[in-house]
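Beneath this line is the structure, given in C-alpha cells, with notes to follow.
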Amino acid sequence: MDTGTASTPPADGAPAGAESAARAALAGTGVHLMPPRGALACLGADAASWAGFAAHWADLTQDAYAARRGTRRLRRYGHFSLATGTGELRLLPPTGFVQPDGTNPLYTSVDRRFDPLTDGFAADPVLLRLIGLLGRVAGALDSPERWSVKVHPFRVVATADGGGEPTPEGRHRDGVTLVSSLLVGRGNATGGESTVYTPEGGEILSVTLREPASLLLSDDRRTLHGVSPVRPVDPARPAHRDVLVTTFAPG
C-alpha cells in the first residue's frame, strides 16, 4: 500500500461487550485476554479472511539483530498514525525502529532496520480492523489527538538445538501506552507462555496463547511482559510461533 490515508473500518456486528470488557480490565488491572471468538467477531473475520491474513506470515524476512544472539526470528515492521476522533489511518514512510531508554535492555536506543510490511499486508482489512479495535480500547488509557501505531508481525522458529526465544531481552517494557499480542498460529510448538508482571515483579497474568485470534492486551506504562522459550514437540521438525505485536503511544 502506498503511503497515504485510509480509515479503520468498523467490524459489522462487533460485540460491544468484548470491547467494553477489554476497556474495563485495562483501566483496572492493566491486563486483558480477549478470547478468539470475541476477537474474531470484533475483527469481522471469517475463516477465509483470517486465512488470508495469516498467509502474510509466510512472507516475513530474517531479523538479523536477533540472529546475532542465536534466535531465529522472522519479522517485518509498519508504522501508522491513527486519528482518534475520525479514525483516519495513515501509513508512514519506512524508518528505523528505536525503543526508548529504560525499556528493552538489549536494544535501548538502537536504530534497528526491518523490511516494511508488504502492500497487501498493510492494506489487509483484518489488520485495519484490528488497529481500529485497539484504538478504541486504548481510549480507556489515554486520549491523544493521534496514536503512533507500530505493527510487528513475528515468526519465532525453534529446533531441537534451541533458538526459540520470543523475548530474548526477558521481562521488559516497550515504552508505549498499549501493547497487544495477537496469536496468528503455532505449529509443533510447546512453551511460549506469555506473562504480564507488576513493575515490582509480581505476576498479574500468565497464559499460553494456543488458539489463533487469542488477543492479549496490557497497559505498558504500569506492567512488564515476557514470553518463555518455544520448543518443538517433535524434535525432528522445527517449531514456529506466529504473533502480531501492535503498540499504541501518543503521537
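The chains in the C-alpha cells are called A, B, ... from first to last as shown; in each chain the residues are counted from 1, and the ligands are counted from 1 in the order shown.
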
Checklist entry - Contacts of Arg221 of chain A at 12 Å or less, counting only C-alpha atoms, minus same-chain residues fewer than 3 places along, as a PyMOL selection string? => result chain A and resi 26-27+30-31+102-103+141-142+172-179+197-199+218+224-225+247-249

Run DSSP on the backbone of this structure and report the residues of segment 114-233 of chain A it assigns to strand (DSSP E), as a PDB file with N, CA, C and O atoms, in the first residue's frame.
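Saved result, part_20.pdb, follows:
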```pdb
ATOM      1  N   ARG A 146      -3.722  11.929  18.225  1.00  0.00           N
ATOM      2  CA  ARG A 146      -3.311  10.877  17.299  1.00  0.00           C
ATOM      3  C   ARG A 146      -2.529   9.820  18.072  1.00  0.00           C
ATOM      4  O   ARG A 146      -1.841  10.119  19.048  1.00  0.00           O
ATOM      5  N   TRP A 147      -2.663   8.590  17.597  1.00  0.00           N
ATOM      6  CA  TRP A 147      -1.868   7.487  18.120  1.00  0.00           C
ATOM      7  C   TRP A 147      -0.757   7.146  17.121  1.00  0.00           C
ATOM      8  O   TRP A 147      -0.987   7.094  15.911  1.00  0.00           O
ATOM      9  N   SER A 148       0.431   6.905  17.641  1.00  0.00           N
ATOM     10  CA  SER A 148       1.517   6.302  16.872  1.00  0.00           C
ATOM     11  C   SER A 148       1.372   4.786  17.018  1.00  0.00           C
ATOM     12  O   SER A 148       1.488   4.257  18.127  1.00  0.00           O
ATOM     13  N   VAL A 149       1.078   4.118  15.914  1.00  0.00           N
ATOM     14  CA  VAL A 149       0.756   2.685  15.927  1.00  0.00           C
ATOM     15  C   VAL A 149       1.885   1.925  15.238  1.00  0.00           C
ATOM     16  O   VAL A 149       2.161   2.151  14.052  1.00  0.00           O
ATOM     17  N   LYS A 150       2.530   1.037  15.965  1.00  0.00           N
ATOM     18  CA  LYS A 150       3.634   0.256  15.410  1.00  0.00           C
ATOM     19  C   LYS A 150       3.242  -1.210  15.355  1.00  0.00           C
ATOM     20  O   LYS A 150       2.766  -1.786  16.338  1.00  0.00           O
ATOM     21  N   VAL A 151       3.429  -1.791  14.173  1.00  0.00           N
ATOM     22  CA  VAL A 151       2.927  -3.127  13.856  1.00  0.00           C
ATOM     23  C   VAL A 151       4.118  -4.045  13.590  1.00  0.00           C
ATOM     24  O   VAL A 151       4.928  -3.777  12.697  1.00  0.00           O
ATOM     25  N   HIS A 152       4.191  -5.128  14.371  1.00  0.00           N
ATOM     26  CA  HIS A 152       5.330  -6.039  14.296  1.00  0.00           C
ATOM     27  C   HIS A 152       4.849  -7.486  14.128  1.00  0.00           C
ATOM     28  O   HIS A 152       4.513  -8.145  15.118  1.00  0.00           O
ATOM     29  N   PRO A 153       4.768  -8.007  12.919  1.00  0.00           N
ATOM     30  CA  PRO A 153       4.499  -9.440  12.764  1.00  0.00           C
ATOM     31  C   PRO A 153       5.778 -10.241  12.999  1.00  0.00           C
ATOM     32  O   PRO A 153       6.835  -9.926  12.432  1.00  0.00           O
ATOM     33  N   PHE A 154       5.690 -11.251  13.835  1.00  0.00           N
ATOM     34  CA  PHE A 154       6.837 -12.082  14.195  1.00  0.00           C
ATOM     35  C   PHE A 154       6.546 -13.553  13.881  1.00  0.00           C
ATOM     36  O   PHE A 154       5.437 -14.039  14.115  1.00  0.00           O
ATOM     37  N   ARG A 155       7.565 -14.243  13.432  1.00  0.00           N
ATOM     38  CA  ARG A 155       7.577 -15.713  13.465  1.00  0.00           C
ATOM     39  C   ARG A 155       8.855 -16.137  14.163  1.00  0.00           C
ATOM     40  O   ARG A 155       9.961 -15.850  13.686  1.00  0.00           O
ATOM     41  N   VAL A 156       8.721 -16.805  15.309  1.00  0.00           N
ATOM     42  CA  VAL A 156       9.863 -17.359  16.017  1.00  0.00           C
ATOM     43  C   VAL A 156       9.955 -18.836  15.671  1.00  0.00           C
ATOM     44  O   VAL A 156       8.960 -19.567  15.742  1.00  0.00           O
ATOM     45  N   VAL A 157      11.147 -19.267  15.276  1.00  0.00           N
ATOM     46  CA  VAL A 157      11.382 -20.643  14.861  1.00  0.00           C
ATOM     47  C   VAL A 157      12.310 -21.310  15.875  1.00  0.00           C
ATOM     48  O   VAL A 157      13.315 -20.721  16.290  1.00  0.00           O
ATOM     49  N   ALA A 158      11.962 -22.518  16.274  1.00  0.00           N
ATOM     50  CA  ALA A 158      12.773 -23.265  17.231  1.00  0.00           C
ATOM     51  C   ALA A 158      13.072 -24.651  16.686  1.00  0.00           C
ATOM     52  O   ALA A 158      12.241 -25.250  15.995  1.00  0.00           O
ATOM     53  N   LEU A 178      -0.219   1.189  25.126  1.00  0.00           N
ATOM     54  CA  LEU A 178      -0.873  -0.119  24.993  1.00  0.00           C
ATOM     55  C   LEU A 178       0.013  -1.043  24.185  1.00  0.00           C
ATOM     56  O   LEU A 178       0.518  -0.666  23.120  1.00  0.00           O
ATOM     57  N   VAL A 179       0.202  -2.259  24.673  1.00  0.00           N
ATOM     58  CA  VAL A 179       0.891  -3.293  23.906  1.00  0.00           C
ATOM     59  C   VAL A 179      -0.057  -4.475  23.771  1.00  0.00           C
ATOM     60  O   VAL A 179      -0.765  -4.838  24.720  1.00  0.00           O
ATOM     61  N   SER A 180      -0.107  -5.054  22.570  1.00  0.00           N
ATOM     62  CA  SER A 180      -1.006  -6.185  22.337  1.00  0.00           C
ATOM     63  C   SER A 180      -0.262  -7.282  21.603  1.00  0.00           C
ATOM     64  O   SER A 180       0.676  -7.023  20.839  1.00  0.00           O
ATOM     65  N   SER A 181      -0.686  -8.508  21.834  1.00  0.00           N
ATOM     66  CA  SER A 181      -0.118  -9.671  21.153  1.00  0.00           C
ATOM     67  C   SER A 181      -1.268 -10.539  20.657  1.00  0.00           C
ATOM     68  O   SER A 181      -2.046 -11.064  21.458  1.00  0.00           O
ATOM     69  N   LEU A 182      -1.373 -10.674  19.342  1.00  0.00           N
ATOM     70  CA  LEU A 182      -2.415 -11.476  18.705  1.00  0.00           C
ATOM     71  C   LEU A 182      -1.780 -12.750  18.184  1.00  0.00           C
ATOM     72  O   LEU A 182      -0.878 -12.703  17.336  1.00  0.00           O
ATOM     73  N   LEU A 183      -2.232 -13.906  18.694  1.00  0.00           N
ATOM     74  CA  LEU A 183      -1.704 -15.161  18.171  1.00  0.00           C
ATOM     75  C   LEU A 183      -2.302 -15.438  16.797  1.00  0.00           C
ATOM     76  O   LEU A 183      -3.525 -15.457  16.637  1.00  0.00           O
ATOM     77  N   VAL A 184      -1.440 -15.662  15.835  1.00  0.00           N
ATOM     78  CA  VAL A 184      -1.877 -15.975  14.480  1.00  0.00           C
ATOM     79  C   VAL A 184      -1.811 -17.480  14.229  1.00  0.00           C
ATOM     80  O   VAL A 184      -2.656 -18.042  13.541  1.00  0.00           O
ATOM     81  N   GLY A 185      -0.841 -18.138  14.809  1.00  0.00           N
ATOM     82  CA  GLY A 185      -0.754 -19.589  14.656  1.00  0.00           C
ATOM     83  C   GLY A 185       0.506 -20.112  15.312  1.00  0.00           C
ATOM     84  O   GLY A 185       1.431 -19.362  15.627  1.00  0.00           O
ATOM     85  N   ARG A 186       0.536 -21.420  15.516  1.00  0.00           N
ATOM     86  CA  ARG A 186       1.724 -22.090  16.027  1.00  0.00           C
ATOM     87  C   ARG A 186       1.707 -23.520  15.535  1.00  0.00           C
ATOM     88  O   ARG A 186       0.633 -24.093  15.309  1.00  0.00           O
ATOM     89  N   GLY A 187       2.888 -24.094  15.322  1.00  0.00           N
ATOM     90  CA  GLY A 187       2.964 -25.450  14.821  1.00  0.00           C
ATOM     91  C   GLY A 187       4.093 -26.224  15.469  1.00  0.00           C
ATOM     92  O   GLY A 187       5.204 -25.693  15.631  1.00  0.00           O
ATOM     93  N   ALA A 189       4.746 -26.808  18.395  1.00  0.00           N
ATOM     94  CA  ALA A 189       5.374 -25.961  19.418  1.00  0.00           C
ATOM     95  C   ALA A 189       4.832 -26.248  20.804  1.00  0.00           C
ATOM     96  O   ALA A 189       3.623 -26.437  21.001  1.00  0.00           O
ATOM     97  N   THR A 190       5.743 -26.256  21.760  1.00  0.00           N
ATOM     98  CA  THR A 190       5.390 -26.223  23.162  1.00  0.00           C
ATOM     99  C   THR A 190       6.077 -25.019  23.786  1.00  0.00           C
ATOM    100  O   THR A 190       7.048 -24.492  23.240  1.00  0.00           O
ATOM    101  N   GLY A 191       5.579 -24.557  24.916  1.00  0.00           N
ATOM    102  CA  GLY A 191       6.143 -23.357  25.534  1.00  0.00           C
ATOM    103  C   GLY A 191       5.496 -22.108  24.960  1.00  0.00           C
ATOM    104  O   GLY A 191       4.375 -22.128  24.464  1.00  0.00           O
ATOM    105  N   GLU A 193       4.863 -19.287  26.802  1.00  0.00           N
ATOM    106  CA  GLU A 193       3.928 -18.774  27.800  1.00  0.00           C
ATOM    107  C   GLU A 193       4.132 -17.270  27.978  1.00  0.00           C
ATOM    108  O   GLU A 193       5.247 -16.810  28.239  1.00  0.00           O
ATOM    109  N   SER A 194       3.058 -16.516  27.821  1.00  0.00           N
ATOM    110  CA  SER A 194       3.104 -15.062  27.971  1.00  0.00           C
ATOM    111  C   SER A 194       2.762 -14.696  29.410  1.00  0.00           C
ATOM    112  O   SER A 194       1.750 -15.152  29.940  1.00  0.00           O
ATOM    113  N   THR A 195       3.584 -13.853  30.032  1.00  0.00           N
ATOM    114  CA  THR A 195       3.348 -13.439  31.406  1.00  0.00           C
ATOM    115  C   THR A 195       3.443 -11.925  31.495  1.00  0.00           C
ATOM    116  O   THR A 195       4.346 -11.317  30.918  1.00  0.00           O
ATOM    117  N   VAL A 196       2.507 -11.345  32.211  1.00  0.00           N
ATOM    118  CA  VAL A 196       2.491  -9.907  32.470  1.00  0.00           C
ATOM    119  C   VAL A 196       2.725  -9.708  33.961  1.00  0.00           C
ATOM    120  O   VAL A 196       2.108 -10.381  34.797  1.00  0.00           O
ATOM    121  N   TYR A 197       3.622  -8.758  34.302  1.00  0.00           N
ATOM    122  CA  TYR A 197       4.057  -8.553  35.672  1.00  0.00           C
ATOM    123  C   TYR A 197       3.792  -7.115  36.132  1.00  0.00           C
ATOM    124  O   TYR A 197       3.714  -6.190  35.310  1.00  0.00           O
ATOM    125  N   GLU A 203       3.380 -11.405  39.485  1.00  0.00           N
ATOM    126  CA  GLU A 203       2.700 -11.933  38.301  1.00  0.00           C
ATOM    127  C   GLU A 203       1.232 -11.517  38.301  1.00  0.00           C
ATOM    128  O   GLU A 203       0.506 -11.770  39.255  1.00  0.00           O
ATOM    129  N   ILE A 204       0.793 -10.868  37.218  1.00  0.00           N
ATOM    130  CA  ILE A 204      -0.607 -10.481  37.076  1.00  0.00           C
ATOM    131  C   ILE A 204      -1.378 -11.520  36.288  1.00  0.00           C
ATOM    132  O   ILE A 204      -2.478 -11.926  36.661  1.00  0.00           O
ATOM    133  N   LEU A 205      -0.789 -11.978  35.185  1.00  0.00           N
ATOM    134  CA  LEU A 205      -1.460 -12.951  34.317  1.00  0.00           C
ATOM    135  C   LEU A 205      -0.412 -13.753  33.585  1.00  0.00           C
ATOM    136  O   LEU A 205       0.581 -13.202  33.098  1.00  0.00           O
ATOM    137  N   SER A 206      -0.623 -15.066  33.517  1.00  0.00           N
ATOM    138  CA  SER A 206       0.259 -15.937  32.755  1.00  0.00           C
ATOM    139  C   SER A 206      -0.606 -16.870  31.922  1.00  0.00           C
ATOM    140  O   SER A 206      -1.497 -17.540  32.460  1.00  0.00           O
ATOM    141  N   VAL A 207      -0.364 -16.903  30.617  1.00  0.00           N
ATOM    142  CA  VAL A 207      -1.199 -17.684  29.729  1.00  0.00           C
ATOM    143  C   VAL A 207      -0.392 -18.102  28.500  1.00  0.00           C
ATOM    144  O   VAL A 207       0.465 -17.342  28.025  1.00  0.00           O
ATOM    145  N   THR A 208      -0.633 -19.295  28.020  1.00  0.00           N
ATOM    146  CA  THR A 208      -0.055 -19.731  26.754  1.00  0.00           C
ATOM    147  C   THR A 208      -1.102 -19.532  25.674  1.00  0.00           C
ATOM    148  O   THR A 208      -2.170 -20.158  25.721  1.00  0.00           O
ATOM    149  N   LEU A 215      -6.087 -12.739  21.925  1.00  0.00           N
ATOM    150  CA  LEU A 215      -5.540 -11.380  21.922  1.00  0.00           C
ATOM    151  C   LEU A 215      -5.234 -10.946  23.353  1.00  0.00           C
ATOM    152  O   LEU A 215      -6.138 -10.801  24.175  1.00  0.00           O
ATOM    153  N   LEU A 216      -3.952 -10.749  23.646  1.00  0.00           N
ATOM    154  CA  LEU A 216      -3.511 -10.332  24.971  1.00  0.00           C
ATOM    155  C   LEU A 216      -3.177  -8.844  24.935  1.00  0.00           C
ATOM    156  O   LEU A 216      -2.408  -8.387  24.084  1.00  0.00           O
ATOM    157  N   LEU A 217      -3.761  -8.089  25.879  1.00  0.00           N
ATOM    158  CA  LEU A 217      -3.604  -6.642  25.940  1.00  0.00           C
ATOM    159  C   LEU A 217      -3.035  -6.246  27.295  1.00  0.00           C
ATOM    160  O   LEU A 217      -3.413  -6.831  28.322  1.00  0.00           O
ATOM    161  N   SER A 218      -2.166  -5.230  27.320  1.00  0.00           N
ATOM    162  CA  SER A 218      -1.693  -4.738  28.619  1.00  0.00           C
ATOM    163  C   SER A 218      -1.309  -3.265  28.530  1.00  0.00           C
ATOM    164  O   SER A 218      -0.934  -2.757  27.469  1.00  0.00           O
ATOM    165  N   ASP A 219      -1.446  -2.608  29.670  1.00  0.00           N
ATOM    166  CA  ASP A 219      -1.062  -1.213  29.834  1.00  0.00           C
ATOM    167  C   ASP A 219       0.446  -1.201  30.075  1.00  0.00           C
ATOM    168  O   ASP A 219       0.913  -1.516  31.168  1.00  0.00           O
ATOM    169  N   LEU A 224       5.168  -5.029  33.077  1.00  0.00           N
ATOM    170  CA  LEU A 224       6.251  -5.624  32.296  1.00  0.00           C
ATOM    171  C   LEU A 224       5.694  -6.882  31.654  1.00  0.00           C
ATOM    172  O   LEU A 224       4.698  -7.444  32.116  1.00  0.00           O
ATOM    173  N   HIS A 225       6.350  -7.359  30.592  1.00  0.00           N
ATOM    174  CA  HIS A 225       5.886  -8.594  29.961  1.00  0.00           C
ATOM    175  C   HIS A 225       7.065  -9.375  29.397  1.00  0.00           C
ATOM    176  O   HIS A 225       8.135  -8.836  29.138  1.00  0.00           O
ATOM    177  N   GLY A 226       6.838 -10.667  29.211  1.00  0.00           N
ATOM    178  CA  GLY A 226       7.840 -11.543  28.623  1.00  0.00           C
ATOM    179  C   GLY A 226       7.181 -12.829  28.174  1.00  0.00           C
ATOM    180  O   GLY A 226       6.046 -13.141  28.568  1.00  0.00           O
ATOM    181  N   VAL A 227       7.879 -13.584  27.331  1.00  0.00           N
ATOM    182  CA  VAL A 227       7.363 -14.843  26.793  1.00  0.00           C
ATOM    183  C   VAL A 227       8.438 -15.910  26.956  1.00  0.00           C
ATOM    184  O   VAL A 227       9.611 -15.681  26.627  1.00  0.00           O
ATOM    185  N   VAL A 230      10.126 -21.142  23.124  1.00  0.00           N
ATOM    186  CA  VAL A 230       9.348 -22.108  22.342  1.00  0.00           C
ATOM    187  C   VAL A 230      10.268 -23.276  22.002  1.00  0.00           C
ATOM    188  O   VAL A 230      11.433 -23.074  21.634  1.00  0.00           O
ATOM    189  N   ARG A 231       9.737 -24.486  22.112  1.00  0.00           N
ATOM    190  CA  ARG A 231      10.499 -25.681  21.780  1.00  0.00           C
ATOM    191  C   ARG A 231       9.643 -26.607  20.921  1.00  0.00           C
ATOM    192  O   ARG A 231       8.409 -26.604  21.037  1.00  0.00           O
ATOM    193  N   PRO A 232      10.251 -27.433  20.068  1.00  0.00           N
ATOM    194  CA  PRO A 232       9.464 -28.344  19.233  1.00  0.00           C
ATOM    195  C   PRO A 232       8.929 -29.534  20.023  1.00  0.00           C
ATOM    196  O   PRO A 232       9.621 -30.086  20.879  1.00  0.00           O
TER     197      PRO A 232
END
```

Checklist entry - Counting only C-alpha atoms, what is within 10 Å of Phe114 of chain A, bar same-chain residues fewer than 5 positions away, as a list in words? => result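 Listed by chain and then number, they are Thr61, Gln62, Asp63, Ala64, Tyr65, Leu74, Arg75, Arg76, Tyr77, Gly78, Pro94, Thr95, Gly96, Phe97 and His152 of chain A.
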
Pull the closest atom pair for each residue of segment 150-214 of chain A that gets at most 7 Å from segment 33-54 of chain A, along with the distance in Å to one decimal, counting only C-alpha atoms, ordering rows by chain and then ascending residue number, as a Markdown table.
```
| residue | atom | partner | partner_atom | distance |
| --- | --- | --- | --- | --- |
| A:Val184 | CA | A:Ala54 | CA | 6.1 |
| A:Glu211 | CA | A:Pro36 | CA | 6.9 |
| A:Pro212 | CA | A:Pro36 | CA | 6.6 |
| A:Ala213 | CA | A:Pro36 | CA | 4.6 |
| A:Ser214 | CA | A:Pro36 | CA | 4.6 |
```
